[in-house]
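Okay, structure_23.txt now, which holds compact mmCIF, C-alpha atoms (C1' of nucleotides):
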# COMPACT_ATOMS: atom_id res chain seq x y z
CA THR A 1 17.56 -45.68 12.81
CA GLY A 2 13.83 -45.71 13.46
CA LEU A 3 13.50 -42.05 12.52
CA SER A 4 11.27 -42.64 9.51
CA SER A 5 8.32 -43.84 11.55
CA LYS A 6 8.18 -40.73 13.72
CA PRO A 7 6.74 -37.53 12.18
CA LEU A 8 8.20 -35.45 15.01
CA ASN A 9 11.70 -36.58 14.10
CA SER A 10 11.07 -35.73 10.46
CA LEU A 11 10.19 -32.24 11.57
CA ILE A 12 13.43 -31.95 13.50
CA ILE A 13 15.38 -33.14 10.48
CA LEU A 14 13.64 -30.52 8.32
CA GLN A 15 14.58 -27.87 10.84
CA ILE A 16 18.19 -28.99 10.76
CA ILE A 17 18.21 -28.86 6.97
CA SER A 18 16.67 -25.42 6.98
CA THR A 19 19.29 -24.24 9.47
CA MET A 20 22.01 -25.57 7.20
CA GLU A 21 20.52 -23.71 4.25
CA THR A 22 20.45 -20.51 6.25
CA GLN A 23 24.10 -20.89 7.12
CA VAL A 24 25.06 -21.69 3.56
CA SER A 25 23.22 -18.70 2.11
CA ASN A 26 24.95 -16.43 4.59
CA GLY A 27 28.37 -17.59 3.58
CA PRO A 28 31.14 -15.25 2.41
CA SER A 29 30.52 -13.29 -0.76
CA GLY A 30 31.94 -14.99 -3.79
CA THR A 31 33.04 -14.35 -7.34
CA SER A 32 30.85 -13.39 -10.27
CA LEU A 33 30.95 -15.57 -13.35
CA PRO A 34 30.32 -13.94 -16.75
CA ASN A 35 26.57 -13.88 -17.39
CA GLY A 36 25.94 -16.32 -14.62
CA PRO A 37 25.02 -16.48 -10.97
CA VAL A 38 27.50 -15.48 -8.32
CA ILE A 39 29.06 -18.62 -6.79
CA SER A 40 30.79 -18.48 -3.46
CA SER A 41 33.72 -20.66 -2.49
CA ASN A 42 31.51 -23.13 -0.64
CA GLY A 43 29.40 -23.68 -3.78
CA ALA A 44 26.32 -21.74 -2.66
CA THR A 45 24.78 -19.07 -4.86
CA ASP A 46 24.80 -15.47 -3.69
CA ASP A 47 21.42 -13.89 -4.45
CA SER A 48 22.19 -10.42 -3.12
CA LYS A 49 22.23 -8.81 -6.58
CA THR A 50 19.31 -10.76 -8.08
CA ASN A 51 16.87 -11.43 -5.24
CA LEU A 52 14.22 -8.80 -4.56
CA ILE A 53 11.59 -8.35 -1.89
CA VAL A 54 8.34 -6.78 -3.00
CA ASN A 55 6.14 -5.14 -0.37
CA TYR A 56 2.66 -3.59 -0.25
CA LEU A 57 1.16 -5.89 -2.85
CA PRO A 58 -2.65 -5.72 -3.23
CA GLN A 59 -4.39 -8.32 -1.09
CA ASN A 60 -6.06 -10.02 -4.06
CA MET A 61 -2.93 -10.34 -6.21
CA THR A 62 -2.22 -13.96 -7.09
CA GLN A 63 1.07 -15.78 -7.54
CA GLU A 64 0.38 -15.87 -11.29
CA GLU A 65 -0.19 -12.11 -11.53
CA PHE A 66 2.88 -11.53 -9.39
CA LYS A 67 5.02 -13.65 -11.67
CA SER A 68 3.52 -12.09 -14.76
CA LEU A 69 4.25 -8.56 -13.58
CA PHE A 70 7.87 -9.20 -12.67
CA GLY A 71 8.42 -11.60 -15.55
CA SER A 72 7.76 -8.67 -17.90
CA ILE A 73 11.16 -7.28 -16.84
CA GLY A 74 13.32 -10.32 -17.49
CA GLU A 75 13.85 -14.02 -16.90
CA ILE A 76 12.92 -15.08 -13.38
CA GLU A 77 14.91 -17.78 -11.60
CA SER A 78 12.22 -18.16 -8.96
CA CYS A 79 9.49 -16.11 -7.34
CA LYS A 80 7.09 -16.52 -4.46
CA LEU A 81 4.10 -14.65 -3.17
CA VAL A 82 4.15 -15.22 0.58
CA ARG A 83 0.92 -16.57 2.03
CA ASP A 84 -0.37 -17.28 5.50
CA LYS A 85 0.34 -20.93 6.24
CA ILE A 86 -3.13 -21.53 7.70
CA THR A 87 -5.56 -19.29 5.84
CA GLY A 88 -3.68 -19.16 2.54
CA GLN A 89 -4.26 -15.40 2.46
CA SER A 90 -1.59 -13.28 0.83
CA LEU A 91 0.62 -11.57 3.39
CA GLY A 92 1.09 -8.70 0.95
CA TYR A 93 4.69 -9.35 0.05
CA GLY A 94 6.80 -11.65 -2.04
CA PHE A 95 10.20 -12.44 -3.47
CA VAL A 96 11.53 -12.39 -7.01
CA ASN A 97 14.91 -13.84 -7.88
CA TYR A 98 16.08 -12.92 -11.38
CA VAL A 99 18.63 -14.79 -13.43
CA ASP A 100 20.40 -11.56 -14.40
CA PRO A 101 21.37 -8.92 -11.80
CA ASN A 102 20.69 -6.25 -14.46
CA ASP A 103 17.03 -7.29 -14.55
CA ALA A 104 16.80 -7.00 -10.77
CA ASP A 105 18.14 -3.47 -11.04
CA LYS A 106 15.69 -2.73 -13.86
CA ALA A 107 12.78 -4.09 -11.82
CA ILE A 108 13.63 -1.74 -8.96
CA ASN A 109 13.88 1.22 -11.33
CA THR A 110 10.66 0.56 -13.24
CA LEU A 111 8.34 -1.17 -10.75
CA ASN A 112 9.21 0.38 -7.39
CA GLY A 113 6.45 2.86 -6.57
CA LEU A 114 4.02 1.30 -9.07
CA LYS A 115 0.43 1.92 -8.01
CA LEU A 116 -1.73 -1.20 -8.04
CA GLN A 117 -5.28 -0.73 -6.81
CA THR A 118 -4.98 1.00 -3.44
CA LYS A 119 -1.34 0.10 -2.89
CA THR A 120 1.99 1.57 -3.89
CA ILE A 121 4.32 -1.37 -4.20
CA LYS A 122 7.88 -1.27 -2.94
CA VAL A 123 10.61 -3.15 -4.76
CA SER A 124 14.03 -3.49 -3.14
CA TYR A 125 16.89 -5.93 -2.72
CA ALA A 126 16.13 -8.64 -0.19
CA ARG A 127 18.49 -8.89 2.73
CA PRO A 128 20.01 -12.35 3.23
CA SER A 129 17.47 -14.39 5.14
CA SER A 130 18.38 -15.13 8.73
CA ALA A 131 16.75 -15.62 12.09
CA SER A 132 18.29 -12.42 13.44
CA ILE A 133 16.24 -10.16 11.15
CA ARG A 134 12.89 -11.71 12.12
CA ASP A 135 10.55 -10.17 14.71
CA ALA A 136 12.37 -6.85 14.56
CA ASN A 137 9.18 -4.82 14.14
CA LEU A 138 8.08 -2.41 16.87
CA TYR A 139 4.73 -0.81 17.62
CA VAL A 140 4.99 2.66 19.12
CA SER A 141 2.10 4.54 20.74
CA GLY A 142 1.66 7.75 22.68
CA LEU A 143 3.74 9.73 20.19
CA PRO A 144 3.26 13.50 20.23
CA LYS A 145 0.91 14.40 17.36
CA THR A 146 3.49 16.86 16.13
CA MET A 147 6.20 14.21 15.74
CA SER A 148 6.99 13.47 12.11
CA GLN A 149 8.21 10.19 10.66
CA LYS A 150 11.67 11.73 10.36
CA ASP A 151 11.59 12.81 14.02
CA MET A 152 10.63 9.30 15.06
CA GLU A 153 13.41 7.74 12.97
CA GLN A 154 15.90 10.13 14.52
CA LEU A 155 14.78 9.06 17.98
CA PHE A 156 15.10 5.34 17.21
CA SER A 157 18.15 5.38 14.94
CA GLN A 158 20.53 5.43 17.92
CA TYR A 159 19.61 1.77 18.51
CA GLY A 160 20.31 0.41 15.06
CA ARG A 161 19.58 0.45 11.35
CA ILE A 162 15.95 1.25 10.56
CA ILE A 163 14.47 -0.68 7.62
CA THR A 164 11.05 0.98 7.58
CA SER A 165 9.05 3.36 9.68
CA ARG A 166 5.49 4.62 9.54
CA ILE A 167 3.24 6.90 11.53
CA LEU A 168 -0.44 6.10 11.15
CA VAL A 169 -2.59 9.04 10.16
CA ASP A 170 -6.27 9.80 10.48
CA GLN A 171 -8.09 8.96 7.25
CA VAL A 172 -10.78 11.64 7.44
CA THR A 173 -8.79 14.64 8.64
CA ALA A 174 -6.31 13.93 5.87
CA GLY A 175 -2.98 13.25 7.40
CA ILE A 176 -3.11 14.16 11.10
CA SER A 177 -0.97 11.80 13.16
CA ARG A 178 -2.81 9.27 15.31
CA GLY A 179 0.21 9.16 17.61
CA VAL A 180 0.96 5.53 16.82
CA GLY A 181 3.44 4.03 14.43
CA PHE A 182 5.83 1.25 13.48
CA ILE A 183 9.60 0.94 13.36
CA ARG A 184 11.28 -2.04 11.78
CA PHE A 185 14.92 -2.54 12.65
CA ASP A 186 17.43 -4.56 10.65
CA LYS A 187 18.07 -6.85 13.62
CA ARG A 188 15.83 -8.11 16.39
CA ASN A 189 18.43 -7.31 19.08
CA GLU A 190 18.39 -3.68 17.91
CA ALA A 191 14.62 -3.65 18.42
CA GLU A 192 15.07 -5.13 21.90
CA GLU A 193 17.56 -2.40 22.80
CA ALA A 194 15.16 0.26 21.54
CA ILE A 195 12.40 -1.10 23.80
CA LYS A 196 14.75 -1.04 26.80
CA GLY A 197 15.91 2.48 26.00
CA LEU A 198 12.67 4.16 24.90
CA ASN A 199 9.63 2.38 26.37
CA GLY A 200 8.07 4.63 29.01
CA GLN A 201 10.41 7.49 28.14
CA LYS A 202 9.36 11.02 27.22
CA PRO A 203 10.81 12.18 23.90
CA LEU A 204 12.56 15.56 24.17
CA GLY A 205 9.90 18.20 24.74
CA ALA A 206 7.01 15.71 24.91
CA ALA A 207 4.40 15.87 27.67
CA GLU A 208 3.68 12.14 27.85
CA PRO A 209 5.85 9.02 27.75
CA ILE A 210 5.71 6.73 24.72
CA THR A 211 5.04 3.00 24.70
CA VAL A 212 7.40 0.83 22.66
CA LYS A 213 6.75 -2.87 22.20
CA PHE A 214 7.03 -5.62 19.60
CA ALA A 215 4.31 -5.30 16.97
CA ASN A 216 1.72 -8.02 16.55
CA ASN A 217 2.94 -10.67 14.17
CA PRO A 218 0.40 -11.14 11.37
CA SER A 219 1.24 -14.81 10.91
CA GLN A 220 0.44 -15.71 14.53
CA LYS A 221 -3.09 -14.39 14.95
CA THR A 222 -5.47 -15.50 17.65
CA GLY A 223 -8.01 -18.18 16.81
CA GLN A 224 -10.74 -15.57 17.08
CA ALA A 225 -9.02 -13.25 14.61
CA LEU A 226 -8.53 -16.14 12.20
CA LEU A 227 -12.21 -17.03 12.35
CA THR A 228 -13.17 -13.40 11.78
CA GLN A 229 -10.90 -13.21 8.76
CA LEU A 230 -12.19 -16.47 7.31
CA TYR A 231 -15.78 -15.32 7.82
CA GLN A 232 -15.15 -11.97 6.19
CA THR A 233 -13.46 -13.40 3.11
CA ALA A 234 -16.23 -15.98 2.77
CA ALA A 235 -18.90 -13.27 3.12
CA ARG A 236 -17.23 -11.18 0.40
CA ARG A 237 -17.26 -14.14 -1.97
CA TYR A 238 -21.00 -14.60 -1.63
CA THR A 239 -21.95 -10.93 -1.74
CA GLY A 240 -23.45 -9.87 -5.05
CA PRO A 241 -21.86 -7.23 -7.26
CA LEU A 242 -21.78 -3.71 -5.90
CA HIS A 243 -24.34 -1.24 -7.14
CA HIS A 244 -23.09 0.61 -10.19
CA GLN A 245 -23.20 3.92 -8.37
CA THR A 246 -20.97 2.50 -5.69
CA GLN A 247 -18.63 1.09 -8.31
CA ARG A 248 -18.43 4.45 -10.03
CA PHE A 249 -17.55 6.02 -6.71
CA ARG A 250 -14.83 3.46 -6.06
CA LEU A 251 -13.57 3.92 -9.56
CA ASP A 252 -13.15 7.68 -9.20
CA ASN A 253 -11.32 7.14 -5.93
CA LEU A 254 -8.97 4.68 -7.56
CA LEU A 255 -8.29 7.01 -10.45
CA ASN A 256 -7.74 9.98 -8.19
CA ALA A 257 -5.42 7.96 -6.01
CA SER A 258 -3.45 6.67 -8.95
CA TYR A 259 -3.24 9.62 -11.27
CA GLY A 260 -4.25 12.63 -9.22
CA VAL A 261 -6.70 13.47 -11.98
CA LYS A 262 -10.46 13.34 -12.03
CA ARG A 263 -12.06 12.37 -15.29
CA PHE A 264 -15.44 11.23 -16.46
CA SER A 265 -16.06 8.76 -19.20
CA PRO A 266 -19.15 9.20 -21.38
CA ILE A 267 -19.50 5.45 -21.49
CA THR A 268 -21.63 4.05 -18.69
CA ILE A 269 -21.20 0.66 -17.15
CA ASP A 270 -24.69 -0.28 -18.32
CA SER A 271 -23.79 0.40 -21.93
CA MET A 272 -20.71 -1.72 -21.43
CA THR A 273 -22.80 -4.52 -20.02
CA SER A 274 -25.03 -4.42 -23.07
CA LEU A 275 -21.93 -4.93 -25.17
CA ALA A 276 -21.24 -8.21 -23.44
CA GLY A 277 -22.03 -11.30 -25.43
CA VAL A 278 -22.57 -9.70 -28.85
CA ASN A 279 -19.11 -9.08 -30.16
CA LEU A 280 -16.70 -10.29 -27.56
CA THR A 281 -14.14 -13.00 -27.62
CA GLY A 282 -15.37 -13.78 -24.12
CA PRO A 283 -13.44 -15.01 -21.15
CA THR A 284 -10.72 -17.14 -22.70
CA GLY A 285 -9.14 -19.35 -20.10
CA ALA A 286 -7.57 -16.90 -17.66
CA GLY A 287 -9.95 -13.97 -18.14
CA TRP A 288 -11.12 -11.09 -20.33
CA CYS A 289 -8.83 -9.85 -23.06
CA ILE A 290 -8.79 -6.08 -23.60
CA PHE A 291 -7.54 -4.33 -26.74
CA VAL A 292 -5.61 -1.10 -26.18
CA TYR A 293 -4.99 1.12 -29.22
CA ASN A 294 -2.90 4.27 -29.84
CA LEU A 295 0.04 3.50 -27.57
CA SER A 296 3.27 5.37 -28.34
CA PRO A 297 6.19 3.59 -30.04
CA GLU A 298 8.04 3.83 -26.72
CA ALA A 299 5.25 2.18 -24.70
CA ASP A 300 6.20 -0.86 -22.66
CA GLU A 301 4.47 -3.41 -20.46
CA SER A 302 4.85 -1.33 -17.30
CA VAL A 303 2.60 1.36 -18.82
CA LEU A 304 -0.18 -1.19 -19.24
CA TRP A 305 0.28 -2.46 -15.69
CA GLN A 306 0.06 1.10 -14.41
CA LEU A 307 -3.07 1.90 -16.43
CA PHE A 308 -5.05 -1.25 -15.69
CA GLY A 309 -3.69 -2.40 -12.33
CA PRO A 310 -5.79 0.09 -10.32
CA PHE A 311 -9.02 -1.47 -11.61
CA GLY A 312 -8.45 -4.98 -10.31
CA ALA A 313 -6.86 -8.30 -11.05
CA VAL A 314 -4.66 -8.14 -14.14
CA THR A 315 -3.14 -11.47 -15.17
CA ASN A 316 -1.21 -10.48 -18.26
CA VAL A 317 -0.16 -7.48 -20.35
CA LYS A 318 1.48 -7.42 -23.77
CA VAL A 319 2.76 -4.64 -25.98
CA ILE A 320 2.87 -5.62 -29.63
CA ARG A 321 6.22 -4.65 -31.15
CA ASP A 322 7.65 -4.45 -34.63
CA PHE A 323 9.94 -7.40 -35.18
CA THR A 324 12.84 -5.39 -36.62
CA THR A 325 12.68 -2.02 -34.77
CA ASN A 326 11.38 -3.48 -31.47
CA LYS A 327 9.14 -0.38 -31.17
CA CYS A 328 5.52 -0.69 -30.13
CA LYS A 329 3.22 -0.98 -33.14
CA GLY A 330 0.65 1.22 -31.42
CA PHE A 331 -1.38 -1.40 -29.62
CA GLY A 332 -1.34 -4.01 -26.95
CA PHE A 333 -3.47 -6.39 -24.91
CA VAL A 334 -4.39 -6.69 -21.25
CA THR A 335 -6.04 -9.70 -19.62
CA MET A 336 -8.21 -9.13 -16.57
CA THR A 337 -9.77 -11.84 -14.43
CA ASN A 338 -13.09 -10.27 -13.52
CA TYR A 339 -15.64 -8.96 -15.96
CA ASP A 340 -16.77 -6.07 -13.75
CA GLU A 341 -13.23 -4.82 -13.24
CA ALA A 342 -12.45 -5.15 -16.94
CA ALA A 343 -15.61 -3.23 -17.88
CA MET A 344 -14.72 -0.58 -15.34
CA ALA A 345 -11.21 -0.23 -16.76
CA ILE A 346 -12.54 0.04 -20.30
CA ALA A 347 -15.23 2.57 -19.37
CA SER A 348 -12.62 4.76 -17.71
CA LEU A 349 -9.60 4.33 -19.91
CA ASN A 350 -11.28 4.48 -23.31
CA GLY A 351 -10.70 8.08 -24.38
CA TYR A 352 -8.05 8.52 -21.72
CA ARG A 353 -5.35 10.96 -22.72
CA LEU A 354 -1.89 9.45 -22.28
CA GLY A 355 0.69 12.08 -23.15
CA ASP A 356 -0.39 13.51 -26.52
CA ARG A 357 -2.43 10.46 -27.47
CA VAL A 358 -6.02 9.47 -26.82
CA LEU A 359 -6.35 5.78 -26.04
CA GLN A 360 -8.97 3.53 -27.55
CA VAL A 361 -9.80 0.71 -25.17
CA SER A 362 -12.31 -2.08 -25.71
CA PHE A 363 -12.86 -5.74 -25.16
CA LYS A 364 -10.91 -7.64 -27.80
CA THR A 365 -13.21 -8.80 -30.59
CA SER A 366 -12.65 -11.67 -32.95
CA LYS A 367 -12.30 -9.32 -35.95
CA GLN A 368 -10.68 -6.18 -34.53
CA HIS A 369 -9.27 -4.63 -37.76
CA LYS A 370 -12.76 -4.39 -39.32
CA ALA A 371 -13.57 -1.34 -37.08
C1' DT B 1 -3.99 -1.08 21.11
C1' DC B 2 -1.55 -2.30 14.94
C1' DA B 3 -0.34 -1.70 8.39
C1' DT B 4 1.03 -6.10 6.67
C1' DA B 5 9.10 -6.67 5.35
C1' DT B 6 12.52 -12.27 5.05
C1' DT B 7 10.85 -17.38 1.51

Any chance you could put this one into structure tokens?
Amino acid sequence: TGLSSKPLNSLIILQIISTMETQVSNGPSGTSLPNGPVISSNGATDDSKTNLIVNYLPQNMTQEEFKSLFGSIGEIESCKLVRDKITGQSLGYGFVNYVDPNDADKAINTLNGLKLQTKTIKVSYARPSSASIRDANLYVSGLPKTMSQKDMEQLFSQYGRIITSRILVDQVTAGISRGVGFIRFDKRNEAEEAIKGLNGQKPLGAAEPITVKFANNPSQKTGQALLTQLYQTAARRYTGPLHHQTQRFRLDNLLNASYGVKRFSPITIDSMTSLAGVNLTGPTGAGWCIFVYNLSPEADESVLWQLFGPFGAVTNVKVIRDFTTNKCKGFGFVTMTNYDEAAMAIASLNGYRLGDRVLQVSFKTSKQHKA
DNA sequence: TCATATT
């Protein structure tokens, strides 16, 4: 046919295939087989009960950490952290498709709202992928400062189903509206109708008209913005470690954000640093292994993610359980990628009161039981 | 005059 020698034609073929896949996955809902995937009459699998979208992931979370976190719930059929095609940067969201619909449900119940670093992740069922749900995100400006998120949703809901909405607030004055926000509709045509109906209009009782337009798409940045981003990430890589005082400040902010509690650990970072090298197992493969003692019998992996996630990159967590009762034996392990973040977590969480227990947290040593 | 929601 001559197609094989022309890259452009290959691209077209790929697009055709991808269109076919889209059509197939949007086929009629099918029948559920016992303990198996839902198969529709045309042979395609229906992922609506197993496939999740995860939003507001920390920027530095890797595919491996992502899989590790959601794999702690149950067997994963597939998962993907979505990255920018050009820069490779995480776009802050991903997909997890479980084998068992019950695990998808469990993941929503236990991981939705989990605080990781500065983010609160959102876990929900993914809508079937289709072109009609893309580019349905609107940027709204000129909103009255008194307008709440609920008010804004009420205004826009006449044009379609709203998936998310947000009003940006001033960081320093703690929560005063900046008069700008976002509305994501289920369908792009709903967003288009909302622009036609509301752009340049004055909301009831408002003094000024609002501006409604499509939001900037993060995956199609300008060349200048791309260069800026590349430069900034490169600069961060080559910047030395933050001063300890600064780290302590960041640490308190993270803790306050995550737990709403301020606490001070008697252990300083410097004393932790002096610990390094004498008694540690050291960075084994993936990172630094941390020993966590005095967990309750009911403790599970999500507790460890919640405790350590705010401090930085966590690649793995494990609760050690009794073989017969399946209850936690009182301890577990956490692996963190970066030494500084691990030391910070230990300095803050050692002596941390979790329920009626006081945790003991340290780097894992080669002979732990010898106290 | 914009945080990161459809692989």

Report the closest atom pair, with its distance in Å rounded to one decimal, for each residue of chain B that has an atom no farther than 7 Å from chain A; count all atoms listed in the file, sort by chain and then rising residue number, and write it as a Markdown table.
| residue | atom | partner | partner_atom | distance |
| --- | --- | --- | --- | --- |
| B:DC2 | C1' | A:Asn216 | CA | 6.8 |
| B:DT4 | C1' | A:Gly92 | CA | 6.3 |
| B:DA5 | C1' | A:Asn55 | CA | 6.6 |
| B:DT6 | C1' | A:Ser129 | CA | 5.4 |

Go through A:Thr45, A:Asn112, A:Asn51, A:Gln360 one by one, measure the shortest atom-to-atom distance of each to Ser302 of chain A using only C-alpha atoms, and give the residue with the smallest value. A:Asn112

Figure out the distance between atom CA of Arg178 of chain A and atom CA of Gln149 of chain A, please, to one decimal in Å. 12.0 Å

Compare A:Glu153, A:Asp135, A:Glu77, A:Asp170 by their minimum atom-to-atom distance to Asp186 of chain A, counting only C-alpha atoms, and give me the closest one.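 Distance minimum relative to Asp186 of chain A lands on A:Asp135.
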
So what do you get for atom CA of Phe333 of chain A versus atom CA of Ala286 of chain A, distance-wise?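 So the two atoms, atom CA of Phe333 of chain A and atom CA of Ala286 of chain A, lie 13.4 Å apart.
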
If you measure from atom CA of Ile73 of chain A to atom CA of Ala299 of chain A, what distance in Å do you get, rounded to one decimal?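 Distance between the two atoms: 13.6 Å.
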
Can you tell me which residues surround Lys145 of chain A at a distance of at most 8 Å, considering only C-alpha atoms (C1' of nucleotides), apart from same-chain residues fewer than 6 positions away, and format the answer as a ChimeraX atom specification? /A:176-179

Where's the centre, and what are the edge lengths in Å to one decimal, of a box along x, y and z enclosing all listed atoms of segment 129-146 of chain A padded 3 Å per side, as AutoDock Vina command-line options?
--center_x 9.6 --center_y 0.6 --center_z 13.9 --size_x 23.5 --size_y 38.5 --size_z 23.5

Identify which of the residues A:Ser348, A:Ser78, A:Phe70, A:Ser296 lies closest to DT7 of chain B, counting all atoms listed in the file when measuring atom-to-atom distances. A:Ser78

Residues within 8 Å of Ala342 of chain A, only C-alpha atoms (C1' of nucleotides), excluding chain neighbours under 6 positions, as a list of chain:residue names: A:Trp288, A:Ile290, A:Phe311, A:Gly312, A:Met336
